[in-house]
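Trainee: Sending over a structure as structure tokens; questions will come in a sec.
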Amino acid sequence: MSSNIENKSKVISVGIADFPYTFLQSDIRDFTHQLFSDKRHDIDRMMRVFDNSMIEKRHFTQPAEWFYQPHTFVEKNGEYVKSACTLSIDAVRNCINSVGAEYNDFDHIIYISSTGIATPSIDAKIINELRLDPHLKRSPIWGLGCVGGAVGLSRALEYTAAFPRSGVLLIALEICSLSILRGDWSKSNIVAMALFSDGAAATFVAGSEHRLFNLKGINLIDSMSTTYYDSLDVMGWEIVDAGFKAIFSKDIPAIVRKYVQGNIIELLDKHSLSYKDLRHYVIHPGGKKVINAYEEALCLPQGALDHTKKVLREHGNMSSPTVLYVLKEFLDSGHYNRGDYGLISALGPGFSSEVILFQVA
């Protein structure tokens, strides 16, 4: 294994937002059962998806009573815009303050989101709210879903590698609870209600000549994006009158087992590394079956995905920010050594994967 740390781009901080409402998984299960008990004869069997999810609690932007009322797409999107700005700023402040950085330490915002529509995009609203440098570069990216946080890290790596004096603020925000459809008792909607939640994370990535580069963190070495042919219907949104309707296939764990290992090996080969060189895994928790598929496909030892499981247990699947929550858990744990190699991985619509090789600095 090579002992040289590659000085390209470094993640030095991850901050997450504080959400106003927390729900136990049992509470959401009871709400779903009440909502659809007269619509499906097999509702009791469908409730098993809640019991087998590994999730204990989730965080939403709205109180319980909000979900008992019908809302139009316009109303939901209005709530998205309002909450997205507030929560993103909360995550940004936590990210910046945790390392003593300043708002002028970054010159580029990458904004990731897929659960609402806003033009001007939310990053422009953040610039106005925080009175940031009006010359900040902005890269709002929509439609990446669960893979968004990892893709955002890849784009931040590329930018700071090209401009080593730069700093990038990556923000990933999703309000998945807005996709709860009271009039849809399909299996996919019930599964979505059992898994998805709201989340916001901000991550600071510094180039090798940035003033904060010598802070502790992880060096992002390289990444690989893959879009699998003939899999467009595996995951995404269907636009209906009431808003976004979740689409995801039961084939996702099988895709993990079939393809992800090969993608990782291909990335490692580029750097003359192998599986035995990897010490840490920062994996997006798509759900219990997806976690199990990663463990099987990569032959992971006991405890390798503890951070991933903890985030799923305490937050649910928040789509794009989730992998950044896992990254924060890893960084905060301190259970690593300088020079350790690790891997970040997430899956999303396309159907696609993103894998990133990193080394602890």
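For the structure tokens, the naming scheme is as follows: chains receive sequential letters (A, B, ...) according to their order of presentation, residues are indexed from 1 within each chain, and ligands are indexed from 1 in presentation order.
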Tell me, as a list in words, which residues lie within 8 Å of range 244-253 of chain A, counting only C-alpha atoms; anything in the same chain fewer than 2 positions away does not count.
Mentor: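 Near neighbours after the sequence-gap exclusion: Thr115, Leu178, Ser179, Ile180, Leu181, Ser188, Asn189, Ala192, Asp233, Val234, Met235, Gly236, Trp237, Glu238, Ile239, Val240, Ala242, Ile255, Val256, Arg257, Lys289, Val290 and Ala293 of chain A.
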Trainee: I want to know what sits within 8 Å of range 337-352 of chain A, based on only C-alpha atoms, with residues of the same chain fewer than 2 positions away left out; could you give that as an NGL selection string?
Mentor: :A and (3-5 or 143-150 or 225-229 or 231-236 or 277-284 or 286 or 323 or 335 or 354-361)
Trainee: Next, write the just-selected residues to a file, as a compact mmCIF listing (two decimals), in the first residue's frame, keeping N, CA and C atoms as the atom set.
Mentor:
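Done, and the output landed in result.txt:
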```
# COMPACT_ATOMS: atom_id res chain seq x y z
N SER A 3 2.16 4.87 0.93
CA SER A 3 2.05 5.64 2.16
C SER A 3 1.97 7.13 1.90
N ASN A 4 2.00 7.54 0.66
CA ASN A 4 1.95 8.95 0.33
C ASN A 4 0.51 9.44 0.26
N ILE A 5 0.23 10.54 0.96
CA ILE A 5 -1.08 11.15 0.91
C ILE A 5 -1.13 12.12 -0.24
N GLY A 143 -32.11 16.81 -9.56
CA GLY A 143 -32.49 15.54 -10.16
C GLY A 143 -31.59 14.36 -9.83
N LEU A 144 -30.60 14.53 -8.96
CA LEU A 144 -29.68 13.44 -8.65
C LEU A 144 -30.21 12.49 -7.59
N GLY A 145 -31.19 12.92 -6.81
CA GLY A 145 -31.75 12.04 -5.79
C GLY A 145 -30.70 11.56 -4.80
N CYS A 146 -30.78 10.29 -4.44
CA CYS A 146 -29.94 9.74 -3.38
C CYS A 146 -28.45 9.78 -3.67
N VAL A 147 -28.05 9.85 -4.91
CA VAL A 147 -26.63 9.88 -5.24
C VAL A 147 -26.06 11.29 -5.16
N GLY A 148 -26.91 12.29 -4.91
CA GLY A 148 -26.52 13.68 -5.02
C GLY A 148 -25.37 14.12 -4.14
N GLY A 149 -25.37 13.70 -2.87
CA GLY A 149 -24.30 14.12 -1.98
C GLY A 149 -22.94 13.65 -2.45
N ALA A 150 -22.86 12.42 -2.93
CA ALA A 150 -21.59 11.88 -3.41
C ALA A 150 -21.16 12.57 -4.72
N SER A 225 -17.97 7.94 -11.76
CA SER A 225 -19.41 7.99 -11.99
C SER A 225 -19.80 6.90 -12.97
N THR A 226 -20.92 6.23 -12.70
CA THR A 226 -21.40 5.18 -13.60
C THR A 226 -22.90 5.29 -13.75
N THR A 227 -23.36 5.30 -15.00
CA THR A 227 -24.80 5.22 -15.29
C THR A 227 -25.05 3.91 -16.01
N TYR A 228 -25.93 3.09 -15.45
CA TYR A 228 -26.17 1.76 -15.99
C TYR A 228 -27.24 1.82 -17.09
N TYR A 229 -26.93 1.24 -18.22
CA TYR A 229 -27.87 1.23 -19.34
C TYR A 229 -29.18 0.52 -18.96
N SER A 231 -31.84 1.21 -17.27
CA SER A 231 -32.30 1.15 -15.88
C SER A 231 -32.96 2.47 -15.46
N LEU A 232 -33.52 3.18 -16.43
CA LEU A 232 -34.09 4.49 -16.15
C LEU A 232 -35.30 4.43 -15.21
N ASP A 233 -35.97 3.27 -15.17
CA ASP A 233 -37.18 3.15 -14.36
C ASP A 233 -36.92 2.59 -12.97
N VAL A 234 -35.67 2.47 -12.58
CA VAL A 234 -35.34 1.89 -11.28
C VAL A 234 -35.63 2.86 -10.14
N MET A 235 -35.40 4.14 -10.35
CA MET A 235 -35.58 5.13 -9.29
C MET A 235 -35.84 6.50 -9.90
N GLY A 236 -36.71 7.29 -9.25
CA GLY A 236 -36.95 8.64 -9.73
C GLY A 236 -38.24 9.21 -9.19
N ASP A 277 -6.61 -2.73 0.98
CA ASP A 277 -6.09 -1.42 1.37
C ASP A 277 -7.15 -0.51 1.99
N LEU A 278 -8.42 -0.84 1.80
CA LEU A 278 -9.50 -0.01 2.31
C LEU A 278 -9.76 -0.31 3.79
N ARG A 279 -9.85 0.77 4.58
CA ARG A 279 -10.11 0.62 6.01
C ARG A 279 -11.49 1.16 6.42
N HIS A 280 -12.06 2.03 5.58
CA HIS A 280 -13.28 2.71 5.99
C HIS A 280 -14.27 2.80 4.83
N TYR A 281 -15.56 2.71 5.17
CA TYR A 281 -16.61 2.78 4.16
C TYR A 281 -17.67 3.79 4.60
N VAL A 282 -17.88 4.79 3.77
CA VAL A 282 -18.90 5.81 3.99
C VAL A 282 -19.96 5.58 2.92
N ILE A 283 -21.00 4.84 3.27
CA ILE A 283 -21.98 4.34 2.30
C ILE A 283 -23.35 4.96 2.57
N HIS A 284 -24.00 5.42 1.51
CA HIS A 284 -25.37 5.92 1.64
C HIS A 284 -26.30 4.77 2.00
N GLY A 286 -29.44 3.35 1.62
CA GLY A 286 -30.69 3.38 0.88
C GLY A 286 -31.82 2.67 1.59
N VAL A 323 -25.48 10.60 2.70
CA VAL A 323 -24.09 10.15 2.70
C VAL A 323 -23.20 11.17 3.39
N HIS A 335 -12.21 7.36 14.81
CA HIS A 335 -11.73 5.97 14.75
C HIS A 335 -11.04 5.71 13.41
N GLU A 354 -21.97 6.48 -7.64
CA GLU A 354 -20.82 7.36 -7.50
C GLU A 354 -19.93 6.76 -6.42
N VAL A 355 -18.66 6.55 -6.73
CA VAL A 355 -17.71 6.05 -5.74
C VAL A 355 -16.53 7.02 -5.69
N ILE A 356 -16.08 7.30 -4.48
CA ILE A 356 -14.99 8.26 -4.26
C ILE A 356 -13.95 7.62 -3.35
N LEU A 357 -12.71 7.66 -3.77
CA LEU A 357 -11.59 7.17 -2.96
C LEU A 357 -11.04 8.31 -2.12
N PHE A 358 -10.84 8.08 -0.82
CA PHE A 358 -10.27 9.12 0.03
C PHE A 358 -9.17 8.54 0.91
N GLN A 359 -8.38 9.44 1.49
CA GLN A 359 -7.34 9.06 2.43
C GLN A 359 -7.35 10.03 3.60
N VAL A 360 -7.27 9.47 4.79
CA VAL A 360 -7.29 10.31 5.99
C VAL A 360 -6.02 11.14 6.06
N ALA A 361 -6.18 12.45 6.28
CA ALA A 361 -5.04 13.36 6.32
C ALA A 361 -4.60 13.61 7.76
```
Trainee: Write out as a PyMOL selection string all residues of range 148-184 of chain A that backbone DSSP assigns to alpha helix (DSSP H).
Mentor: chain A and resi 148-162
Trainee: Taking 2 positions as the minimum chain separation for residues in the same chain, which residues sit within 7 Å of range 10-27 of chain A when counting only C-alpha atoms? Answer as a count of residues only.
Mentor: 36
Trainee: Could you tell me how far CA of Asp123 in chain A sits from CA of Thr160 in chain A, in Å to one decimal place?
Mentor: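 Atom-to-atom, CA of Thr160 in chain A and CA of Asp123 in chain A are spaced 19.0 Å apart.
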Trainee: Between A:Lys276, A:Lys288, A:Arg182, A:His210, which is the closest to Gln34 in chain A once you count only C-alpha atoms?
Mentor: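 Of A:Lys276, A:Lys288, A:Arg182, A:His210, the one nearest Gln34 in chain A is A:Arg182, counting only C-alpha atoms.
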Trainee: Which residues are close to Ala118 in chain A, i.e. within 12 Å by only C-alpha atoms, leaving aside same-chain residues fewer than 5 positions away? Reply as a VMD selection string.
Mentor: chain A and resid 74 77 to 85 111 113 123 to 125 140 to 142
Trainee: Restricted to C-alpha atoms, what would the selected residues look like written as a short mmCIF file (atom, residue, chain, number, x, y, z; two decimals), in the first residue's frame?
Mentor:
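Output contents, as saved in selection.cif:
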```
data_model
loop_
_atom_site.label_atom_id
_atom_site.label_comp_id
_atom_site.auth_asym_id
_atom_site.auth_seq_id
_atom_site.Cartn_x
_atom_site.Cartn_y
_atom_site.Cartn_z
CA VAL A 74 -48.17 24.67 -5.13
CA ASN A 77 -43.49 23.64 -3.12
CA GLY A 78 -43.99 26.85 -1.18
CA GLU A 79 -43.12 24.97 2.00
CA TYR A 80 -40.07 23.51 0.24
CA VAL A 81 -38.68 26.92 -0.73
CA LYS A 82 -39.23 28.36 2.75
CA SER A 83 -37.76 25.43 4.65
CA ALA A 84 -34.93 24.77 2.19
CA CYS A 85 -33.48 28.23 2.71
CA TYR A 111 -26.29 23.16 -4.29
CA SER A 113 -31.62 19.09 -4.24
CA ASP A 123 -28.29 29.05 -3.34
CA ALA A 124 -29.15 32.53 -4.67
CA LYS A 125 -31.53 33.01 -1.76
CA PRO A 140 -27.24 24.32 -8.53
CA ILE A 141 -27.80 20.68 -9.51
CA TRP A 142 -31.27 19.11 -9.61
#
```
